[in-house]
$ cat data-v3.cif   # mmCIF, C-alpha atoms
data_run
#
loop_
_atom_site.label_atom_id
_atom_site.label_comp_id
_atom_site.auth_asym_id
_atom_site.auth_seq_id
_atom_site.Cartn_x
_atom_site.Cartn_y
_atom_site.Cartn_z
CA MET V 1 -9.52 -20.49 -23.70
CA GLU V 2 -6.23 -18.60 -23.69
CA GLN V 3 -6.36 -15.03 -22.48
CA ASN V 4 -4.32 -12.14 -23.83
CA PHE V 5 -3.07 -10.29 -20.77
CA PHE V 6 -1.31 -7.55 -22.73
CA LYS V 7 -2.25 -5.52 -25.77
CA ILE V 8 0.51 -6.03 -28.32
CA ASP V 9 0.47 -4.66 -31.86
CA SER V 10 0.61 -7.39 -34.51
CA LYS V 11 3.82 -6.03 -35.99
CA VAL V 12 5.50 -6.36 -32.59
CA SER V 13 4.21 -9.90 -32.01
CA ILE V 14 5.20 -11.02 -35.53
CA ALA V 15 8.67 -9.53 -35.08
CA ALA V 16 8.97 -11.32 -31.72
CA GLU V 17 8.17 -14.70 -33.29
CA LYS V 18 10.77 -14.13 -36.01
CA ALA V 19 13.31 -13.12 -33.40
CA LEU V 20 12.73 -16.32 -31.41
CA GLU V 21 13.29 -18.42 -34.52
CA CYS V 22 16.56 -16.62 -35.25
CA ILE V 23 17.98 -16.99 -31.76
CA ALA V 24 17.05 -20.64 -31.14
CA PRO V 25 20.69 -21.82 -31.61
CA GLN V 26 21.89 -19.23 -29.07
CA PHE V 27 19.34 -20.49 -26.53
CA LYS V 28 20.74 -24.00 -26.88
CA ILE V 29 24.29 -22.77 -26.18
CA THR V 30 23.03 -20.77 -23.19
CA ASP V 31 21.32 -23.82 -21.71
CA GLU V 32 24.54 -25.83 -22.00
CA ILE V 33 26.54 -23.16 -20.14
CA THR V 34 23.81 -22.83 -17.51
CA GLU V 35 23.74 -26.56 -16.82
CA TYR V 36 27.53 -26.72 -16.47
CA ASN V 37 27.60 -23.78 -14.06
CA GLN V 38 24.68 -25.10 -12.04
CA GLN V 39 26.46 -28.40 -11.53
CA LYS V 40 29.63 -26.53 -10.57
CA VAL V 41 27.72 -24.60 -7.91
CA LEU V 42 25.96 -27.71 -6.60
CA SER V 43 29.30 -29.48 -6.33
CA ALA V 44 30.77 -26.61 -4.29
CA PHE V 45 27.83 -26.68 -1.88
CA ILE V 46 28.18 -30.43 -1.38
CA LYS V 47 31.97 -30.31 -1.04
CA ASN V 48 31.73 -27.72 1.74
CA ASN V 49 28.99 -29.52 3.68
CA VAL V 50 26.56 -26.61 3.61
CA SER V 51 23.89 -27.18 6.25
CA GLU V 52 20.83 -25.37 7.54
CA SER V 53 22.68 -24.49 10.73
CA MET V 54 24.75 -22.07 8.65
CA PHE V 55 21.71 -19.91 7.93
CA GLY V 56 21.46 -18.75 11.55
CA GLU V 57 21.71 -15.13 12.62
CA SER V 58 24.73 -13.61 14.31
CA THR V 59 24.77 -10.16 15.91
CA GLY V 60 27.29 -7.78 17.42
CA TYR V 61 30.82 -8.66 16.43
CA GLY V 62 29.69 -11.83 14.68
CA TYR V 63 32.65 -13.86 15.90
CA GLY V 64 32.75 -17.48 14.72
CA ASP V 65 29.83 -17.20 12.30
CA ARG V 66 29.91 -20.57 10.49
CA GLY V 67 27.72 -19.47 7.62
CA ARG V 68 29.91 -16.46 6.90
CA GLU V 69 33.02 -18.61 6.88
CA VAL V 70 31.61 -21.38 4.71
CA ILE V 71 30.04 -19.15 2.07
CA ASP V 72 33.51 -17.71 1.42
CA ARG V 73 34.86 -21.21 0.77
CA VAL V 74 31.89 -22.13 -1.42
CA PHE V 75 32.28 -19.06 -3.59
CA ALA V 76 36.06 -19.47 -3.86
CA ASP V 77 35.55 -23.03 -5.12
CA ILE V 78 32.93 -21.90 -7.64
CA VAL V 79 35.20 -19.30 -9.25
CA GLY V 80 38.42 -21.30 -8.93
CA ALA V 81 40.05 -18.95 -6.44
CA GLU V 82 42.21 -19.42 -3.35
CA ASP V 83 39.88 -17.36 -1.18
CA ALA V 84 36.80 -15.16 -1.25
CA LEU V 85 34.97 -12.57 0.81
CA VAL V 86 31.18 -12.64 0.37
CA ARG V 87 29.42 -10.02 2.49
CA HIS V 88 26.15 -8.15 2.76
CA ASN V 89 28.26 -5.26 4.16
CA PHE V 90 29.28 -4.31 0.62
CA THR V 91 26.63 -1.76 -0.32
CA CYS V 92 26.93 -2.01 -4.11
CA GLY V 93 29.29 -2.97 -6.90
CA THR V 94 31.11 0.37 -6.85
CA HIS V 95 31.65 0.09 -3.10
CA THR V 96 33.02 -3.44 -3.50
CA LEU V 97 35.43 -2.33 -6.22
CA ALA V 98 36.50 0.66 -4.12
CA VAL V 99 37.19 -1.49 -1.04
CA ALA V 100 39.30 -3.83 -3.18
CA LEU V 101 41.27 -0.96 -4.70
CA TYR V 102 41.92 0.72 -1.34
CA GLY V 103 42.92 -2.64 0.11
CA MET V 104 45.44 -3.43 -2.62
CA LEU V 105 46.98 0.00 -3.29
CA ARG V 106 49.28 2.21 -1.22
CA PRO V 107 50.48 5.83 -1.61
CA GLY V 108 52.82 6.16 -4.59
CA ASP V 109 51.48 3.06 -6.33
CA ILE V 110 50.46 3.23 -9.99
CA MET V 111 47.10 1.84 -11.06
CA LEU V 112 46.80 1.13 -14.79
CA CYS V 113 43.40 0.61 -16.36
CA VAL V 114 43.87 -1.29 -19.62
CA THR V 115 40.28 -1.16 -20.88
CA GLY V 116 39.99 2.56 -21.52
CA THR V 117 38.05 4.90 -19.27
CA PRO V 118 36.21 2.88 -16.62
CA TYR V 119 32.53 3.00 -15.67
CA ASP V 120 31.15 6.38 -14.57
CA THR V 121 30.62 5.64 -10.86
CA ILE V 122 34.24 4.60 -10.31
CA HIS V 123 35.59 7.97 -11.53
CA SER V 124 35.17 9.61 -8.11
CA VAL V 125 36.80 6.62 -6.40
CA ILE V 126 39.89 6.96 -8.56
CA GLY V 127 39.76 10.76 -8.63
CA ILE V 128 39.95 11.12 -12.41
CA ASN V 129 37.07 13.59 -12.60
CA GLY V 130 38.47 16.04 -10.08
CA LYS V 131 35.75 15.06 -7.61
CA GLY V 132 35.57 12.68 -4.70
CA ASP V 133 37.05 13.82 -1.42
CA GLY V 134 39.05 10.85 -0.17
CA SER V 135 39.67 9.43 -3.64
CA LEU V 136 42.67 7.28 -4.49
CA ALA V 137 44.28 10.40 -5.96
CA ASP V 138 43.96 12.12 -2.56
CA TYR V 139 46.08 9.32 -1.11
CA GLY V 140 48.81 9.75 -3.69
CA ILE V 141 47.85 6.81 -5.88
CA ILE V 142 48.63 7.52 -9.53
CA TYR V 143 46.11 6.60 -12.20
CA LYS V 144 47.01 5.82 -15.80
CA GLN V 145 45.14 4.08 -18.59
CA VAL V 146 45.64 2.38 -21.91
CA ASP V 147 42.94 3.32 -24.38
CA LEU V 148 41.14 0.74 -26.46
CA LYS V 149 42.15 0.15 -30.06
CA ASP V 150 39.23 -0.57 -32.37
CA ASP V 151 37.10 -1.19 -29.25
CA LYS V 152 39.45 -3.92 -28.04
CA PRO V 153 42.29 -3.94 -25.49
CA ASP V 154 45.49 -2.73 -27.14
CA LEU V 155 47.82 -5.60 -26.24
CA GLU V 156 50.96 -3.97 -27.62
CA ALA V 157 50.30 -0.74 -25.72
CA ILE V 158 49.58 -2.73 -22.54
CA LYS V 159 52.89 -4.54 -22.85
CA GLU V 160 54.71 -1.24 -23.37
CA ALA V 161 52.97 0.37 -20.38
CA VAL V 162 53.75 -2.41 -17.89
CA THR V 163 57.33 -2.73 -19.16
CA LYS V 164 58.11 0.99 -19.03
CA GLU V 165 56.90 1.72 -15.49
CA LYS V 166 56.54 -0.17 -12.23
CA ILE V 167 52.79 -0.76 -12.21
CA LYS V 168 51.31 -2.00 -8.96
CA LEU V 169 47.82 -2.89 -10.19
CA VAL V 170 46.37 -3.56 -13.63
CA TYR V 171 42.61 -2.93 -13.70
CA ILE V 172 40.34 -4.63 -16.22
CA GLN V 173 36.67 -3.78 -16.65
CA ARG V 174 35.00 -6.84 -18.12
CA SER V 175 31.62 -5.35 -18.99
CA ARG V 176 31.00 -2.49 -21.40
CA GLY V 177 29.55 0.01 -18.94
CA TYR V 178 27.98 2.97 -20.75
CA SER V 179 29.97 2.32 -23.90
CA LEU V 180 29.45 0.27 -27.02
CA ARG V 181 32.69 -1.66 -26.94
CA PRO V 182 32.34 -5.44 -26.59
CA SER V 183 32.50 -7.01 -23.16
CA LEU V 184 35.56 -9.17 -22.57
CA SER V 185 35.61 -12.93 -22.59
CA CYS V 186 37.68 -14.79 -20.02
CA GLU V 187 39.94 -15.85 -22.88
CA GLU V 188 40.65 -12.21 -23.74
CA ILE V 189 41.27 -11.42 -20.08
CA GLY V 190 43.68 -14.35 -20.04
CA GLU V 191 45.62 -12.81 -22.95
CA ILE V 192 45.98 -9.55 -21.03
CA ALA V 193 47.01 -11.41 -17.88
CA LYS V 194 49.68 -13.35 -19.74
CA ILE V 195 51.24 -10.16 -21.09
CA VAL V 196 51.13 -8.46 -17.69
CA LYS V 197 52.63 -11.42 -15.82
CA GLU V 198 55.40 -11.97 -18.37
CA ASN V 199 56.49 -8.33 -18.26
CA SER V 200 55.80 -7.09 -14.72
CA ASP V 201 55.03 -7.93 -11.10
CA ALA V 202 51.69 -6.14 -11.20
CA ASP V 203 48.60 -7.56 -9.58
CA ILE V 204 45.58 -7.95 -11.87
CA MET V 205 42.10 -6.95 -10.72
CA VAL V 206 38.95 -7.54 -12.79
CA ASP V 207 35.70 -5.67 -12.34
CA ASN V 208 33.57 -8.75 -12.95
CA CYS V 209 30.17 -7.03 -12.58
CA TYR V 210 27.58 -8.42 -15.03
CA GLY V 211 29.98 -11.17 -16.16
CA GLU V 212 29.60 -13.95 -13.59
CA PHE V 213 28.31 -17.30 -14.91
CA THR V 214 28.10 -16.13 -18.53
CA GLN V 215 30.88 -18.59 -19.37
CA LYS V 216 32.02 -21.88 -17.89
CA ILE V 217 35.07 -20.21 -16.36
CA GLU V 218 35.77 -16.97 -14.45
CA PRO V 219 38.69 -14.52 -14.73
CA THR V 220 40.37 -16.00 -11.63
CA GLN V 221 40.93 -19.14 -13.70
CA VAL V 222 42.83 -17.32 -16.45
CA GLY V 223 45.29 -15.20 -14.46
CA ALA V 224 43.32 -12.53 -12.57
CA ASP V 225 44.57 -12.08 -9.01
CA ILE V 226 41.31 -10.52 -7.79
CA ILE V 227 37.79 -10.31 -9.14
CA ALA V 228 35.02 -8.25 -7.57
CA GLY V 229 31.33 -7.83 -8.17
CA SER V 230 27.87 -7.11 -6.79
CA LEU V 231 25.38 -9.56 -5.32
CA ILE V 232 22.42 -7.60 -6.70
CA LYS V 233 23.74 -8.39 -10.16
CA ASN V 234 24.57 -11.86 -11.48
CA ALA V 235 26.18 -13.47 -8.46
CA GLY V 236 23.22 -12.96 -6.10
CA GLY V 237 20.77 -14.76 -8.36
CA GLY V 238 18.00 -12.21 -7.77
CA LEU V 239 17.63 -13.30 -4.13
CA ALA V 240 20.42 -11.41 -2.35
CA ARG V 241 19.00 -8.10 -1.14
CA THR V 242 22.39 -6.41 -0.98
CA GLY V 243 26.08 -7.25 -0.88
CA GLY V 244 29.14 -7.96 -2.94
CA TYR V 245 32.12 -10.26 -3.22
CA VAL V 246 35.83 -10.30 -3.86
CA ALA V 247 37.69 -13.48 -4.75
CA GLY V 248 41.18 -14.45 -5.76
CA ARG V 249 44.63 -14.72 -4.20
CA ALA V 250 44.40 -15.35 -0.47
CA ASP V 251 46.90 -12.66 0.58
CA LEU V 252 45.06 -9.99 -1.40
CA VAL V 253 41.64 -11.04 -0.11
CA GLU V 254 43.07 -10.70 3.41
CA LYS V 255 44.27 -7.16 2.69
CA ILE V 256 40.89 -6.25 1.27
CA SER V 257 39.15 -7.62 4.37
CA TYR V 258 41.19 -5.15 6.47
CA ARG V 259 39.79 -2.32 4.41
CA LEU V 260 36.22 -3.63 4.70
CA THR V 261 36.48 -3.72 8.50
CA THR V 262 39.80 -2.79 10.11
CA PRO V 263 43.39 -4.06 10.26
CA GLY V 264 43.75 -6.78 12.84
CA LEU V 265 40.11 -7.83 12.63
CA GLY V 266 39.48 -8.27 8.91
CA ARG V 267 37.06 -11.07 8.08
CA GLU V 268 36.75 -12.28 11.68
CA VAL V 269 34.02 -9.74 12.46
CA GLY V 270 30.78 -8.76 10.81
CA ALA V 271 27.37 -9.94 12.00
CA THR V 272 25.30 -11.65 9.32
CA LEU V 273 21.98 -10.43 10.85
CA GLY V 274 20.05 -13.37 9.41
CA MET V 275 21.02 -12.72 5.80
CA SER V 276 23.10 -15.86 5.23
CA ARG V 277 20.20 -17.95 3.92
CA GLU V 278 19.41 -15.60 1.05
CA LEU V 279 23.10 -15.19 0.16
CA PHE V 280 23.51 -18.96 -0.06
CA MET V 281 20.26 -19.29 -2.00
CA GLY V 282 21.17 -16.42 -4.31
CA ILE V 283 24.51 -17.95 -5.22
CA PHE V 284 22.81 -21.32 -5.75
CA PHE V 285 20.21 -19.82 -8.10
CA ALA V 286 22.70 -17.56 -9.90
CA PRO V 287 23.63 -19.81 -12.87
CA HIS V 288 19.98 -20.36 -13.81
CA THR V 289 19.04 -16.70 -13.32
CA VAL V 290 21.98 -15.54 -15.40
CA GLY V 291 20.97 -17.97 -18.14
CA GLU V 292 17.48 -16.44 -18.19
CA ALA V 293 18.98 -12.95 -18.38
CA ILE V 294 21.21 -14.00 -21.28
CA LYS V 295 18.16 -15.29 -23.14
CA ALA V 296 16.42 -11.97 -22.51
CA ALA V 297 19.44 -10.16 -23.97
CA TYR V 298 19.43 -12.32 -27.08
CA PHE V 299 15.70 -11.71 -27.50
CA THR V 300 16.12 -7.94 -27.15
CA ALA V 301 18.75 -7.94 -29.87
CA GLY V 302 16.70 -10.21 -32.12
CA LEU V 303 13.49 -8.17 -31.71
CA PHE V 304 14.96 -4.73 -32.28
CA GLU V 305 17.05 -5.93 -35.22
CA GLN V 306 13.71 -6.81 -36.82
CA PHE V 307 12.87 -3.10 -36.64
CA GLY V 308 16.18 -2.02 -38.16
CA PHE V 309 17.99 -0.90 -35.02
CA GLU V 310 21.66 -1.63 -34.48
CA THR V 311 22.42 -3.80 -31.45
CA THR V 312 25.58 -4.73 -29.63
CA PRO V 313 26.14 -7.57 -29.19
CA THR V 314 24.09 -8.69 -32.15
CA SER V 315 21.63 -11.54 -31.81
CA LYS V 316 24.25 -13.91 -33.27
CA GLU V 317 27.23 -13.01 -31.09
CA PRO V 318 28.32 -14.86 -27.93
CA ARG V 319 27.74 -13.24 -24.53
CA PHE V 320 30.33 -12.42 -21.87
CA ASP V 321 28.05 -10.24 -19.75
CA ILE V 322 24.30 -9.81 -19.41
CA VAL V 323 24.21 -6.30 -20.88
CA GLN V 324 22.46 -5.63 -24.20
CA SER V 325 22.80 -2.31 -26.00
CA VAL V 326 20.23 -1.03 -28.48
CA LEU V 327 21.15 2.08 -30.47
CA LEU V 328 17.89 4.01 -30.47
CA ARG V 329 19.22 7.03 -32.40
CA ASN V 330 17.42 9.83 -30.57
CA GLU V 331 16.07 10.95 -27.20
CA GLU V 332 12.42 10.28 -28.07
CA ASN V 333 13.09 6.63 -28.96
CA LEU V 334 15.20 6.14 -25.84
CA ILE V 335 12.60 7.55 -23.46
CA ALA V 336 9.78 5.53 -25.08
CA PHE V 337 11.85 2.32 -24.85
CA CYS V 338 12.51 2.77 -21.12
CA GLN V 339 8.95 3.83 -20.34
CA GLY V 340 7.58 0.80 -22.20
CA MET V 341 9.89 -1.57 -20.37
CA GLN V 342 8.86 -0.07 -17.04
CA SER V 343 5.23 -0.81 -17.89
CA GLY V 344 6.12 -4.52 -18.01
CA ALA V 345 7.84 -4.63 -14.62
CA PRO V 346 6.28 -6.69 -11.79
CA ILE V 347 6.91 -3.78 -9.40
CA ASP V 348 5.97 -0.12 -10.07
CA ALA V 349 4.65 -0.81 -13.57
CA PHE V 350 2.38 2.25 -13.13
CA VAL V 351 5.40 4.56 -12.78
CA THR V 352 6.60 6.60 -15.76
CA PRO V 353 10.38 6.99 -15.65
CA GLU V 354 11.84 10.36 -16.58
CA PRO V 355 15.44 11.51 -17.03
CA TRP V 356 17.07 12.81 -13.83
CA ASP V 357 20.41 13.85 -12.34
CA MET V 358 21.45 10.52 -10.84
CA PRO V 359 24.30 10.60 -8.26
CA GLY V 360 27.62 9.44 -9.69
CA TYR V 361 26.79 10.24 -13.32
CA ASP V 362 27.79 13.21 -15.48
CA ASN V 363 24.62 13.28 -17.61
CA LYS V 364 20.92 12.96 -16.92
CA VAL V 365 19.96 9.28 -16.75
CA ILE V 366 16.67 7.55 -17.50
CA MET V 367 16.13 4.23 -15.83
CA ALA V 368 13.43 1.58 -16.10
CA ALA V 369 13.76 -0.56 -13.00
CA GLY V 370 10.66 -2.09 -11.49
CA ALA V 371 12.42 -4.57 -9.24
CA PHE V 372 11.78 -6.53 -6.06
CA ILE V 373 15.22 -5.36 -4.89
CA GLY V 374 16.06 -1.71 -5.41
CA GLY V 375 18.57 -1.26 -8.23
CA ALA V 376 18.99 -4.99 -8.81
CA SER V 377 20.18 -5.14 -12.41
CA ILE V 378 19.86 -8.93 -12.53
CA GLU V 379 16.16 -8.08 -12.64
CA LEU V 380 14.88 -6.70 -15.95
CA SER V 381 15.96 -3.10 -16.26
CA ALA V 382 17.10 -0.59 -18.82
CA ASP V 383 18.96 2.63 -18.32
CA ALA V 384 20.93 5.15 -20.29
CA PRO V 385 22.51 8.57 -20.01
CA LEU V 386 20.86 11.09 -22.33
CA ARG V 387 23.78 11.60 -24.66
CA GLU V 388 24.93 10.36 -28.04
CA PRO V 389 24.41 7.73 -29.40
CA TYR V 390 21.16 7.47 -27.37
CA ALA V 391 21.69 3.81 -26.68
CA ALA V 392 19.69 1.89 -24.09
CA TRP V 393 21.59 -0.57 -21.96
CA MET V 394 19.24 -3.38 -21.01
CA GLN V 395 20.08 -6.15 -18.60
CA GLY V 396 18.56 -8.82 -16.44
CA GLY V 397 15.38 -10.84 -16.26
CA LEU V 398 14.66 -13.23 -13.38
CA ASN V 399 12.88 -15.50 -15.83
CA PHE V 400 12.78 -15.31 -19.60
CA HIS V 401 9.03 -15.41 -20.07
CA SER V 402 8.31 -12.31 -17.99
CA ALA V 403 11.37 -10.55 -19.39
CA LYS V 404 10.19 -11.30 -22.92
CA MET V 405 6.94 -9.44 -22.27
CA GLY V 406 8.74 -6.47 -20.74
CA ILE V 407 10.94 -6.24 -23.83
CA MET V 408 7.93 -6.51 -26.14
CA LEU V 409 6.20 -3.72 -24.21
CA ALA V 410 9.25 -1.52 -24.82
CA ALA V 411 8.70 -2.06 -28.54
CA GLN V 412 4.94 -1.62 -28.09
CA LYS V 413 5.39 1.83 -26.51
CA MET V 414 7.52 2.87 -29.46
CA ALA V 415 4.89 1.51 -31.86
CA GLU V 416 2.12 3.46 -30.11
CA ARG V 417 4.12 6.66 -30.62
CA GLY V 418 4.77 5.91 -34.27
CA LEU V 419 8.49 5.38 -33.73
CA ILE V 420 8.65 1.89 -35.27
#

$ encode --input "data-v3.cif" --output "structure tokens"
Amino acid sequence: MEQNFFKIDSKVSIAAEKALECIAPQFKITDEITEYNQQKVLSAFIKNNVSESMFGESTGYGYGDRGREVIDRVFADIVGAEDALVRHNFTCGTHTLAVALYGMLRPGDIMLCVTGTPYDTIHSVIGINGKGDGSLADYGIIYKQVDLKDDKPDLEAIKEAVTKEKIKLVYIQRSRGYSLRPSLSCEEIGEIAKIVKENSDADIMVDNCYGEFTQKIEPTQVGADIIAGSLIKNAGGGLARTGGYVAGRADLVEKISYRLTTPGLGREVGATLGMSRELFMGIFFAPHTVGEAIKAAYFTAGLFEQFGFETTPTSKEPRFDIVQSVLLRNEENLIAFCQGMQSGAPIDAFVTPEPWDMPGYDNKVIMAAGAFIGGASIELSADAPLREPYAAWMQGGLNFHSAKMGIMLAAQKMAERGLI
């Protein structure tokens, strides 16, 4: 006899069944992309003769670490890049992006962000919020941006900006961050890259966080010179405990490696401390894990549309990152949503999240994140700053079936409080 492990209101379970029916075509597309990317990853592992000997531990300087060297080649092949730097030494996505920016820019250079104001945690790195001792601004690097037009990159304004001034680096944020604008497809990034390359000598860097393996191609295959991201998001497959990557043009990856360690040593040092196995495994599992997270995002949209909430992307739209926004309209709905999702986490389900002053953010943030790896947003999580439009940004899900229940429990908590 089947057992009901969770108490779910009938209106939530009925809405969930309707949502699954509506999103069945999207699941089929997701499975096709997942299979393609999984074969691409398998091919890269085989091509580079990955062996168990590469999982060994190095200490101290880490000279001649075979695993460290090969994982760079594997990842570069996967994303269609000349070179890559995959390291547990990167502490988070923001750190990885910062290292890349400091590696590529010099005093007097102009950095142009063409996707509007970037994600909150990068503000202090750039120095656009007046904070951040040691920011790019402190080193004389000039920041400019092109605002979005109707929530899309303004291609005409981008062309004008790169033509008018000598821009050193064009910065593209692929994912939406804490905004409601659509994430960018690789095709859209390619359009931006074409304009930049035809009208300037600027290098193009893409913040690829949350976007890896959501399509069959990556931004490095459509004109980006450098992409960077976190291994506790998509690219680490839920197995990497920490780390990040940069990939792209070989000369730029080399410069970035000097910033990660020191000029003259670069990528030649850095003990792996026995972490190579999980980095290899994480990258291998990443396409499947991302596919599960995409399904969770579709389900979230489909379920909450049943209750009349606006979602972005909608349950019918294609996905170019794993982030799903639900416009919950007020603080009470938002808090209930996050608390309900926390109650469906495998770790710390008994915890009740509350808004708090999270480092790097300008508003109080509430975060549901019961994860095996602290802050791993490839695992089911939801977070939001307490500000208009009171949208929850949900992402992740190591497997769809557990994520589905976590999402249903978010709706259940709202139902218990009479909010839906």

$ atom_distance --input "data-v3.cif" --atom1 "atom CA of V:Thr91" --atom2 "atom CA of V:Thr242"
6.3 Å

$ residues_around --input "data-v3.cif" --residues "V:Ile192" --least-positions-apart "5" --cutoff "10 Å" --atoms "only C-alpha atoms" --output "compact mmCIF listing (two decimals) with C-alpha atoms, in the frame of the given file"
# COMPACT_ATOMS: atom_id res chain seq x y z
CA VAL V 114 43.87 -1.29 -19.62
CA PRO V 153 42.29 -3.94 -25.49
CA ASP V 154 45.49 -2.73 -27.14
CA LEU V 155 47.82 -5.60 -26.24
CA GLU V 156 50.96 -3.97 -27.62
CA ILE V 158 49.58 -2.73 -22.54
CA LYS V 159 52.89 -4.54 -22.85
CA VAL V 170 46.37 -3.56 -13.63
CA ILE V 172 40.34 -4.63 -16.22
CA CYS V 186 37.68 -14.79 -20.02
CA GLU V 187 39.94 -15.85 -22.88
CA LYS V 197 52.63 -11.42 -15.82
CA ILE V 204 45.58 -7.95 -11.87
CA VAL V 222 42.83 -17.32 -16.45
CA GLY V 223 45.29 -15.20 -14.46
CA ALA V 224 43.32 -12.53 -12.57

$ residues_around --input "data-v3.cif" --residues "V:Ser185" --least-positions-apart "6" --cutoff "12 Å" --atoms "all atoms listed in the file" --output "PyMOL selection string"
chain V and resi 152-153+172-176+191-192+206+208+210-219+222+317-321

$ closest_residue --input "data-v3.cif" --among "V:Ala235, V:Ala161, V:Leu148, V:Ala415" --to "V:Thr117" --atoms "all atoms listed in the file"
V:Leu148

$ atom_distance --input "data-v3.cif" --atom1 "atom CA of V:Thr59" --atom2 "atom CA of V:Arg249"
28.6 Å

$ residues_around --input "data-v3.cif" --residues "V:Asp348" --least-positions-apart "4" --cutoff "12 Å" --atoms "only C-alpha atoms" --output "PyMOL selection string"
chain V and resi 339+341-344+352-353+368-374

$ atom_distance --input "data-v3.cif" --atom1 "atom CA of V:Ile8" --atom2 "atom CA of V:Pro385"
27.7 Å

$ closest_residue --input "data-v3.cif" --among "V:Thr121, V:Ser10, V:Ser230, V:Ser200" --to "V:Asp362" --atoms "all atoms listed in the file"
V:Thr121

$ closest_residue --input "data-v3.cif" --among "V:Ile232, V:Leu42, V:Leu112, V:Met408" --to "V:Thr96" --atoms "all atoms listed in the file"
V:Ile232

$ closest_residue --input "data-v3.cif" --among "V:Lys316, V:Arg267, V:Lys255, V:Arg329" --to "V:Asp65" --atoms "all atoms listed in the file"
V:Arg267

$ residues_around --input "data-v3.cif" --residues "V:Ser402" --least-positions-apart "5" --cutoff "12 Å" --atoms "all atoms listed in the file" --output "list in words"
Phe5, Phe6, Glu292, Ala293, Lys295, Ala296, Met341, Ser343, Gly344, Ala345, Pro346, Glu379, Leu380, Gly396, Gly397, Ile407, Met408 and Leu409 of chain V

$ resolve_selection --input "data-v3.cif" --expression "the PyMOL selection byres ((chain V and resi 89) around 10)" --output "VMD selection string"
chain V and resid 86 to 88 90 to 92 95 to 96 242 to 245 260 to 261 270 to 272

$ residues_around --input "data-v3.cif" --residues "V:Lys11" --least-positions-apart "3" --cutoff "12 Å" --atoms "only C-alpha atoms" --output "VMD selection string"
chain V and resid 7 to 8 14 to 18 303 to 304 306 to 307 408 411 to 412 414 to 416 420

$ residues_near_point --input "data-v3.cif" --point "(29.4, -15.1, 11.5)" --cutoff "10 Å" --atoms "only C-alpha atoms" --output "list in words"
Met54, Phe55, Gly56, Glu57, Ser58, Thr59, Gly60, Tyr61, Gly62, Tyr63, Gly64, Asp65, Arg66, Gly67, Arg68, Glu69, Val70, Arg267, Glu268, Val269, Gly270, Ala271, Thr272, Leu273, Gly274 and Ser276 of chain V

$ resolve_selection --input "data-v3.cif" --expression "the PyMOL selection byres ((chain V and resi 28-39) around 8)" --output "JSON, numbers by chain"
{"V": [24, 25, 26, 27, 40, 41, 42, 43, 213, 214, 215, 216, 284, 285, 287, 288, 290, 291, 294, 295]}

$ closest_residue --input "data-v3.cif" --among "V:Asp72, V:Glu305, V:Glu388, V:Glu354" --to "V:Ala19" --atoms "only C-alpha atoms"
V:Glu305

$ decode --input "data-v3.cif" --residues "stretch 310-320 of chain V" --atoms "N, CA and C atoms" --output "tab-separated table (two decimals), in the first residue's frame"
chain	number	residue	atom	x	y	z
V	310	GLU	N	1.91	35.53	-11.33
V	310	GLU	CA	2.72	35.78	-12.52
V	310	GLU	C	4.09	35.13	-12.32
V	311	THR	N	4.60	34.50	-13.36
V	311	THR	CA	5.92	33.87	-13.29
V	311	THR	C	6.77	34.34	-14.46
V	312	THR	N	8.08	34.32	-14.23
V	312	THR	CA	9.00	34.64	-15.31
V	312	THR	C	10.27	33.81	-15.15
V	313	PRO	N	10.59	32.98	-16.13
V	313	PRO	CA	9.84	32.72	-17.35
V	313	PRO	C	8.51	32.03	-17.03
V	314	THR	N	7.61	32.07	-17.98
V	314	THR	CA	6.37	31.34	-17.83
V	314	THR	C	6.63	29.84	-18.04
V	315	SER	N	5.63	29.05	-17.76
V	315	SER	CA	5.79	27.60	-17.91
V	315	SER	C	5.93	27.16	-19.37
V	316	LYS	N	5.71	28.07	-20.31
V	316	LYS	CA	5.79	27.73	-21.73
V	316	LYS	C	7.08	28.23	-22.39
V	317	GLU	N	7.83	29.06	-21.69
V	317	GLU	CA	8.99	29.70	-22.31
V	317	GLU	C	10.26	28.86	-22.17
V	318	PRO	N	11.17	28.95	-23.14
V	318	PRO	CA	12.43	28.21	-23.04
V	318	PRO	C	13.30	28.75	-21.92
V	319	ARG	N	14.26	27.94	-21.48
V	319	ARG	CA	15.11	28.28	-20.33
V	319	ARG	C	16.55	28.47	-20.76
V	320	PHE	N	17.16	29.57	-20.26
V	320	PHE	CA	18.57	29.83	-20.52
V	320	PHE	C	19.36	29.99	-19.23
